[in-house]
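*Asks:* One file is attached below, start.cif, containing mmCIF, C-alpha atoms.
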```cif
data_upload
loop_
_atom_site.label_atom_id
_atom_site.label_comp_id
_atom_site.auth_asym_id
_atom_site.auth_seq_id
_atom_site.Cartn_x
_atom_site.Cartn_y
_atom_site.Cartn_z
CA MET A 188 81.00 25.87 18.71
CA SER A 189 80.24 26.56 15.05
CA LEU A 190 81.74 29.63 13.40
CA PRO A 191 79.49 32.33 11.94
CA LEU A 192 78.84 32.06 8.22
CA LEU A 193 80.43 34.60 5.90
CA SER A 194 78.79 36.26 2.92
CA LYS A 195 79.79 38.96 0.51
CA SER A 196 78.69 42.42 1.48
CA PRO A 197 76.37 44.23 -0.93
CA ASP A 198 79.10 46.54 -2.29
CA HIS A 199 80.82 43.54 -4.05
CA HIS A 200 84.33 44.62 -3.01
CA HIS A 201 85.16 41.16 -1.68
CA GLN A 202 84.42 42.23 1.89
CA TYR A 203 82.67 39.77 4.10
CA GLU A 204 80.28 40.17 6.98
CA ALA A 205 79.43 37.68 9.68
CA ILE A 206 76.01 36.06 9.61
CA PRO A 207 75.04 34.68 13.01
CA ASP A 208 74.05 31.07 13.09
CA ASN A 209 70.69 31.27 14.79
CA ASN A 210 70.68 27.54 15.41
CA ASN A 211 73.79 27.80 17.56
CA GLN A 212 73.33 31.07 19.36
CA HIS A 213 74.87 31.13 22.80
CA VAL A 214 72.38 32.51 25.26
CA GLU A 215 73.53 32.80 28.84
CA HIS A 216 70.90 32.23 31.46
CA HIS A 217 71.94 33.72 34.77
CA PHE A 218 69.65 33.98 37.73
CA LYS A 219 68.97 37.61 38.57
CA SER A 220 68.10 39.17 41.92
CA PRO A 221 69.39 36.29 44.08
CA GLU A 222 69.23 38.58 47.13
CA ILE A 223 65.45 38.92 46.82
CA ILE A 224 65.02 35.15 46.54
CA ARG A 225 67.32 34.63 49.52
CA ASP A 226 65.26 37.07 51.57
CA MET A 227 62.02 35.35 50.54
CA VAL A 228 63.47 31.96 51.45
CA LEU A 229 64.56 33.25 54.85
CA GLY A 230 61.20 34.88 55.61
CA LEU A 231 59.02 32.03 54.34
CA SER A 232 61.03 29.26 55.97
CA ASP A 233 60.83 30.89 59.40
CA GLY A 234 57.26 32.04 58.81
CA LEU A 235 56.03 28.57 57.99
CA THR A 236 57.93 26.96 60.85
CA VAL A 237 57.84 29.24 63.92
CA PRO A 238 54.14 30.26 63.96
CA PHE A 239 53.17 26.68 63.10
CA ALA A 240 55.17 25.42 66.07
CA LEU A 241 53.59 28.09 68.28
CA ALA A 242 50.08 27.23 67.10
CA ALA A 243 50.74 23.56 67.75
CA GLY A 244 51.94 24.36 71.24
CA LEU A 245 48.94 26.59 72.07
CA THR A 246 46.55 23.99 70.69
CA SER A 247 47.01 21.95 73.84
CA LEU A 248 45.23 24.75 75.75
CA GLY A 249 42.04 23.86 73.86
CA ASP A 250 40.94 27.37 72.82
CA SER A 251 41.10 28.53 69.20
CA ARG A 252 40.95 32.18 70.27
CA ILE A 253 44.13 31.79 72.28
CA VAL A 254 45.85 30.23 69.27
CA ILE A 255 44.68 33.05 66.96
CA VAL A 256 45.58 35.87 69.35
CA GLY A 257 48.91 34.34 70.29
CA GLY A 258 49.64 33.50 66.67
CA PHE A 259 48.94 37.01 65.46
CA ALA A 260 51.00 38.53 68.24
CA GLU A 261 53.89 36.32 67.17
CA LEU A 262 53.31 37.11 63.49
CA ILE A 263 53.48 40.86 64.04
CA SER A 264 56.46 40.79 66.38
CA GLY A 265 58.23 38.17 64.28
CA SER A 266 57.71 40.09 61.03
CA ILE A 267 59.07 43.28 62.58
CA SER A 268 62.01 41.45 64.13
CA MET A 269 62.87 39.59 60.93
CA GLY A 270 62.49 42.75 58.85
CA CYS A 271 64.76 44.72 61.19
CA GLY A 272 67.30 41.91 61.06
CA GLY A 273 67.26 41.97 57.25
CA TYR A 274 67.64 45.76 57.24
CA LEU A 275 70.60 45.73 59.62
CA ALA A 276 72.31 42.89 57.74
CA ALA A 277 72.01 44.68 54.39
CA LYS A 278 73.09 47.98 55.97
CA SER A 279 76.13 46.25 57.48
CA ASP A 280 77.12 44.91 54.04
CA LEU A 281 76.98 48.44 52.60
CA ASP A 282 78.92 49.94 55.52
CA HIS A 283 81.55 47.21 55.22
CA TYR A 284 81.96 47.90 51.50
CA ASP A 285 82.29 51.67 52.05
CA THR A 286 84.86 51.15 54.80
CA GLU A 287 86.97 48.83 52.66
CA ARG A 288 86.73 51.19 49.69
CA ARG A 289 87.98 54.14 51.72
CA ARG A 290 90.92 52.01 52.88
CA GLU A 291 91.64 50.92 49.30
CA GLU A 292 91.47 54.53 48.05
CA TRP A 293 94.07 55.51 50.64
CA GLU A 294 96.34 52.63 49.63
CA VAL A 295 96.09 53.44 45.91
CA LYS A 296 96.95 57.07 46.63
CA ASN A 297 99.72 56.55 49.19
CA CYS A 298 101.12 53.09 48.37
CA PRO A 299 100.77 52.73 44.58
CA ASN A 300 103.81 50.47 44.15
CA GLU A 301 102.50 47.95 46.69
CA GLU A 302 99.10 47.97 44.98
CA ILE A 303 100.71 47.40 41.58
CA LYS A 304 102.63 44.46 43.00
CA GLU A 305 99.32 43.07 44.30
CA ILE A 306 97.89 43.26 40.76
CA PHE A 307 100.77 41.13 39.46
CA ASP A 308 100.23 38.69 42.33
CA ILE A 309 96.51 38.48 41.61
CA LEU A 310 96.85 37.88 37.87
CA SER A 311 99.97 35.70 37.80
CA PRO A 312 98.09 32.49 38.76
CA TYR A 313 96.11 32.93 35.52
CA GLY A 314 99.28 32.64 33.44
CA LEU A 315 99.69 36.39 32.89
CA ASP A 316 103.28 37.54 33.20
CA GLU A 317 104.50 41.03 34.01
CA ALA A 318 104.85 42.02 30.35
CA SER A 319 101.21 41.21 29.58
CA VAL A 320 99.89 42.85 32.75
CA SER A 321 101.93 46.08 32.45
CA PRO A 322 99.59 47.76 29.89
CA ILE A 323 96.66 47.10 32.24
CA VAL A 324 98.60 48.61 35.13
CA GLU A 325 99.41 51.73 33.09
CA LYS A 326 95.74 52.20 32.24
CA LEU A 327 94.72 51.83 35.87
CA LYS A 328 97.41 54.24 37.07
CA ASN A 329 95.86 56.93 34.87
CA ASN A 330 92.41 56.31 36.34
CA PRO A 331 92.54 56.02 40.15
CA GLU A 332 88.78 55.46 40.41
CA LYS A 333 88.96 52.43 38.12
CA PHE A 334 92.12 51.33 39.94
CA VAL A 335 90.13 51.19 43.17
CA ASP A 336 87.23 49.41 41.42
CA PHE A 337 89.70 46.81 40.11
CA MET A 338 91.21 46.17 43.54
CA MET A 339 87.82 46.00 45.24
CA LYS A 340 86.65 43.36 42.82
CA LEU A 341 89.76 41.22 42.26
CA GLU A 342 91.63 41.66 45.53
CA LEU A 343 88.75 41.83 48.01
CA ASN A 344 86.03 40.19 45.89
CA LEU A 345 83.60 42.94 46.88
CA GLU A 346 80.93 44.68 44.84
CA ARG A 347 79.01 47.69 46.06
CA PRO A 348 75.61 46.55 47.34
CA ASP A 349 72.46 48.25 46.14
CA PRO A 350 71.96 51.28 48.47
CA THR A 351 68.21 50.57 48.52
CA ARG A 352 68.70 46.91 49.39
CA SER A 353 68.32 47.43 53.14
CA LEU A 354 64.72 48.64 52.78
CA LYS A 355 63.93 46.03 50.13
CA SER A 356 65.37 43.30 52.33
CA ALA A 357 63.41 44.45 55.38
CA PHE A 358 60.14 44.54 53.44
CA THR A 359 60.72 41.22 51.63
CA ILE A 360 61.71 39.27 54.74
CA GLY A 361 58.99 40.81 56.91
CA MET A 362 56.19 40.24 54.40
CA SER A 363 57.39 36.73 53.56
CA TYR A 364 57.42 35.87 57.24
CA PHE A 365 53.91 37.25 57.76
CA ILE A 366 52.47 35.45 54.73
CA GLY A 367 54.17 32.18 55.60
CA GLY A 368 53.09 32.40 59.24
CA LEU A 369 49.48 33.17 58.37
CA ILE A 370 49.00 29.79 56.66
CA PRO A 371 49.10 27.60 59.82
CA LEU A 372 46.60 29.88 61.58
CA ILE A 373 43.87 29.85 58.93
CA PRO A 374 42.14 26.62 60.09
CA TYR A 375 41.72 28.06 63.61
CA PHE A 376 39.49 30.81 62.22
CA PHE A 377 36.94 28.25 61.04
CA MET A 378 37.20 25.45 63.61
CA GLU A 379 36.47 25.64 67.32
CA ASP A 380 37.88 22.20 67.98
CA THR A 381 41.60 22.91 68.29
CA THR A 382 42.50 19.25 67.72
CA HIS A 383 40.78 19.20 64.35
CA ALA A 384 42.20 22.63 63.53
CA LEU A 385 45.70 21.39 64.35
CA LEU A 386 45.21 18.37 62.09
CA VAL A 387 44.12 20.55 59.15
CA SER A 388 46.84 23.10 59.92
CA SER A 389 49.46 20.33 59.99
CA ILE A 390 48.36 18.92 56.63
CA VAL A 391 48.22 22.33 54.94
CA THR A 392 51.51 23.48 56.46
CA MET A 393 53.30 20.26 55.58
CA LEU A 394 52.13 20.56 51.98
CA CYS A 395 53.31 24.17 51.89
CA LEU A 396 56.67 23.20 53.40
CA VAL A 397 57.13 20.43 50.85
CA LEU A 398 56.22 22.79 48.00
CA PHE A 399 58.42 25.53 49.44
CA GLY A 400 61.38 23.18 49.85
CA PHE A 401 60.98 21.95 46.28
CA VAL A 402 60.70 25.44 44.77
CA LYS A 403 63.62 26.68 46.89
CA ALA A 404 65.80 23.86 45.59
CA VAL A 405 64.84 24.63 41.98
CA TYR A 406 65.65 28.34 42.32
CA THR A 407 68.92 27.69 44.11
CA SER A 408 69.94 25.06 41.53
CA SER A 409 70.01 22.25 44.06
CA ASN A 410 70.64 18.83 42.59
CA ASN A 411 67.96 17.08 44.63
CA ALA A 412 64.73 19.06 44.92
CA VAL A 413 62.83 16.09 46.40
CA SER A 414 65.36 15.72 49.21
CA SER A 415 65.15 19.45 49.91
CA ALA A 416 61.35 19.27 50.08
CA ILE A 417 61.44 16.36 52.55
CA GLN A 418 64.07 18.03 54.74
CA THR A 419 62.11 21.28 54.91
CA ALA A 420 58.91 19.48 55.91
CA PHE A 421 60.80 17.39 58.48
CA VAL A 422 62.25 20.49 60.17
CA GLY A 423 58.78 22.08 60.38
CA ALA A 424 57.21 18.92 61.78
CA LEU A 425 60.01 18.52 64.32
CA ALA A 426 59.59 22.12 65.53
CA ALA A 427 55.83 21.74 65.87
CA ALA A 428 56.14 18.43 67.74
CA ALA A 429 58.70 19.95 70.12
CA ALA A 430 56.46 22.95 70.82
CA PHE A 431 53.37 20.80 71.37
CA GLY A 432 55.23 18.40 73.62
CA GLY A 433 56.84 21.24 75.54
CA VAL A 434 53.50 22.89 76.35
CA LYS A 435 52.00 19.52 77.34
CA LEU A 436 54.95 18.86 79.62
CA PHE A 437 54.63 22.31 81.19
CA GLU A 438 50.90 21.72 81.80
CA ASN A 439 51.59 18.42 83.53
CA LEU A 440 54.24 19.99 85.73
#
```
Write out the structure in this file as C-alpha cells.
*Replies:*
Amino acid sequence: MSLPLLSKSPDHHHQYEAIPDNNNQHVEHHFKSPEIIRDMVLGLSDGLTVPFALAAGLTSLGDSRIVIVGGFAELISGSISMGCGGYLAAKSDLDHYDTERRREEWEVKNCPNEEIKEIFDILSPYGLDEASVSPIVEKLKNNPEKFVDFMMKLELNLERPDPTRSLKSAFTIGMSYFIGGLIPLIPYFFMEDTTHALLVSSIVTMLCLVLFGFVKAVYTSSNNAVSSAIQTAFVGALAAAAAFGGVKLFENL
C-alpha cells in the first residue's frame, strides 16, 4: 500500500498535510442488505419450484382451468404461509436478542468481575495481554450500556436485528413466492392443450431457474455460478417430474 504524499501547507511553517493518492484509494465493497436478498432467494426458489411441480402434476388431468385454479389456490396459500414463516423467523431473532441482552445486563450489573474476566478471555487469543486490555475495561466499567453492547457483540456474536425486519421479511418472501410461482402458470392462460402448455411452462421455468441460480450465486459470492444454475434447474425439474409421475400413478391406481 503506497503512503500518502506530503506537501507543505500554505502557511509555509514547515507543516505538512497528507495528499491522498487517488490512484491507490482503498474502497471497501461490502454487500448491503443480505437479509433482503436471502428472503428473495427463499421466496423465489420455492415459488419457481412448488407451483411448477403442482402445475405439472395437474397437467395430467387434461384441463387447463384445473391447473390455473389449483395453481392460484396454491400461490395464495403458499405466499401467505411463506410470508408468515418469514415474519415468525425474524420475530424470533429479535426476541432471542432481547432475551440475551436482558441476561447480559443482569450479569454486568450483578457479576462485573466475571464479565471482566470474560473480556480478558475473549481478547487474549488476539495477543492482547491484561495490561493492554485494562484501559478498555475501565472505559466499559464507566459505561454499562456500552459494556453490554461489547459483550453482546464479542461474547455472543449478536447484533440487534432491525425491529421492522419481520414485516419486511414477510412481504419480501411472500411477494417473491407469488411472482416466482406465477411464471409456470402463464402458458396455461393461453393454451387449452395442457401437454403443450406444460412443455412451454417447463422451458420457461427451466430458463428462469437457470437464471435465478446464476444470479443467486453471483450475489452470494459463490465460486461457481454455472454449477449453481444447473443445480437449481435440476431440483426444479426433479420436483416437477415427481409431481407429474405421482399424479399419473394415482390415476392408474
*Asks:* Grab the CA of Asn297 (chain A) to CA of Tyr313 (chain A) distance for me, in Å with one decimal place.
*Replies:* 27.5 Å
*Asks:* Quick one: residues within 9 Å of Leu241 (chain A), only C-alpha atoms, excluding same-chain residues fewer than 4 positions away - as a count of residues only?
*Replies:* 12
*Asks:* Quick check, in Å to one decimal: how far apart do CA of Lys296 (chain A) and CA of Leu281 (chain A) lie?
*Replies:*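 Going from CA of Lys296 (chain A) over to CA of Leu281 (chain A) covers 22.6 Å.
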*Asks:* Determine the nearest neighbour of Glu291 (chain A) from the options A:Asp349, A:Asp233, A:Asp316, A:Asp336, counting all atoms listed in the file.
*Replies:*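 For Glu291 (chain A), the nearest of the candidates is A:Asp336.
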*Asks:* Which neighbours of Phe334 (chain A) fall inside 12 Å, counting all atoms listed in the file, when residues of the same chain fewer than 4 positions from it are skipped, and could you give them as a PDB file with C-alpha atoms, in the coordinates of the input?
*Replies:*
```pdb
ATOM      1  CA  ARG A 288      86.730  51.190  49.690  1.00  0.00           C
ATOM      2  CA  GLU A 291      91.640  50.920  49.300  1.00  0.00           C
ATOM      3  CA  GLU A 292      91.470  54.530  48.050  1.00  0.00           C
ATOM      4  CA  TRP A 293      94.070  55.510  50.640  1.00  0.00           C
ATOM      5  CA  GLU A 294      96.340  52.630  49.630  1.00  0.00           C
ATOM      6  CA  VAL A 295      96.090  53.440  45.910  1.00  0.00           C
ATOM      7  CA  LYS A 296      96.950  57.070  46.630  1.00  0.00           C
ATOM      8  CA  PRO A 299     100.770  52.730  44.580  1.00  0.00           C
ATOM      9  CA  GLU A 302      99.100  47.970  44.980  1.00  0.00           C
ATOM     10  CA  ILE A 303     100.710  47.400  41.580  1.00  0.00           C
ATOM     11  CA  GLU A 305      99.320  43.070  44.300  1.00  0.00           C
ATOM     12  CA  ILE A 306      97.890  43.260  40.760  1.00  0.00           C
ATOM     13  CA  ILE A 323      96.660  47.100  32.240  1.00  0.00           C
ATOM     14  CA  VAL A 324      98.600  48.610  35.130  1.00  0.00           C
ATOM     15  CA  GLU A 325      99.410  51.730  33.090  1.00  0.00           C
ATOM     16  CA  LYS A 326      95.740  52.200  32.240  1.00  0.00           C
ATOM     17  CA  LEU A 327      94.720  51.830  35.870  1.00  0.00           C
ATOM     18  CA  LYS A 328      97.410  54.240  37.070  1.00  0.00           C
ATOM     19  CA  ASN A 329      95.860  56.930  34.870  1.00  0.00           C
ATOM     20  CA  ASN A 330      92.410  56.310  36.340  1.00  0.00           C
ATOM     21  CA  MET A 338      91.210  46.170  43.540  1.00  0.00           C
ATOM     22  CA  MET A 339      87.820  46.000  45.240  1.00  0.00           C
ATOM     23  CA  LYS A 340      86.650  43.360  42.820  1.00  0.00           C
ATOM     24  CA  LEU A 341      89.760  41.220  42.260  1.00  0.00           C
ATOM     25  CA  GLU A 342      91.630  41.660  45.530  1.00  0.00           C
TER      26      GLU A 342
END
```
*Asks:* Find the residues near Ala276 (chain A): any atom within 12 Å, counting only C-alpha atoms, skip ones fewer than 2 places away on the same chain, and give them as a list in words.
*Replies:*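 Returned residues: Glu222, Asp226, Met269, Gly270, Cys271, Gly272, Gly273, Tyr274, Lys278, Ser279, Asp280, Leu281, Asp282, His283, Pro348, Arg352, Ser353, Leu354, Lys355, Ser356, Ala357 and Ile360 of chain A.
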*Asks:* One decimal, in Å: what's the spacing between CA of Ala428 (chain A) and CA of Asn411 (chain A)?
*Replies:*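 Result for CA of Ala428 (chain A) versus CA of Asn411 (chain A): 26.0 Å, one decimal.
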*Asks:* May I have the residues within 6 Å of region 418-422 of chain A as a PyMOL selection string, using all atoms listed in the file and disregarding those fewer than 5 positions away in the same chain?
*Replies:* chain A and resi 393+396-397+400
*Asks:* Keeping only C-alpha atoms, write the selected residues as a PDB file, in the frame of the given file.
*Replies:*
```pdb
ATOM      1  CA  MET A 393      53.300  20.260  55.580  1.00  0.00           C
ATOM      2  CA  LEU A 396      56.670  23.200  53.400  1.00  0.00           C
ATOM      3  CA  VAL A 397      57.130  20.430  50.850  1.00  0.00           C
ATOM      4  CA  GLY A 400      61.380  23.180  49.850  1.00  0.00           C
TER       5      GLY A 400
END
```
*Asks:* Have a look at A:Gly230, A:Asp285, A:Asp250, A:Phe399 and name the one nearest to Tyr364 (chain A); count all atoms listed in the file.
*Replies:*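 The answer is A:Gly230, which sits nearest to Tyr364 (chain A).
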*Asks:* For this file, the PyMOL selection byres ((chain A and resi 381) around 10) selects which residues, as a count of residues only?
*Replies:* 23
*Asks:* Which residue is closest to Leu394 (chain A)? Choose from A:Gly368, A:Gly244, A:Pro238, A:Gly423 and count only C-alpha atoms.
*Replies:* A:Gly423
*Asks:* Can you tell me, as lines of an AutoDock Vina configuration file, the centre and edge lengths (Å, one decimal) of the axis-aligned box enclosing all of region 242-256 of chain A's listed atoms after padding each side by 5 Å?
*Replies:*
```
center_x = 46.4
center_y = 28.9
center_z = 71.4
size_x = 21.0
size_y = 23.9
size_z = 18.8
```
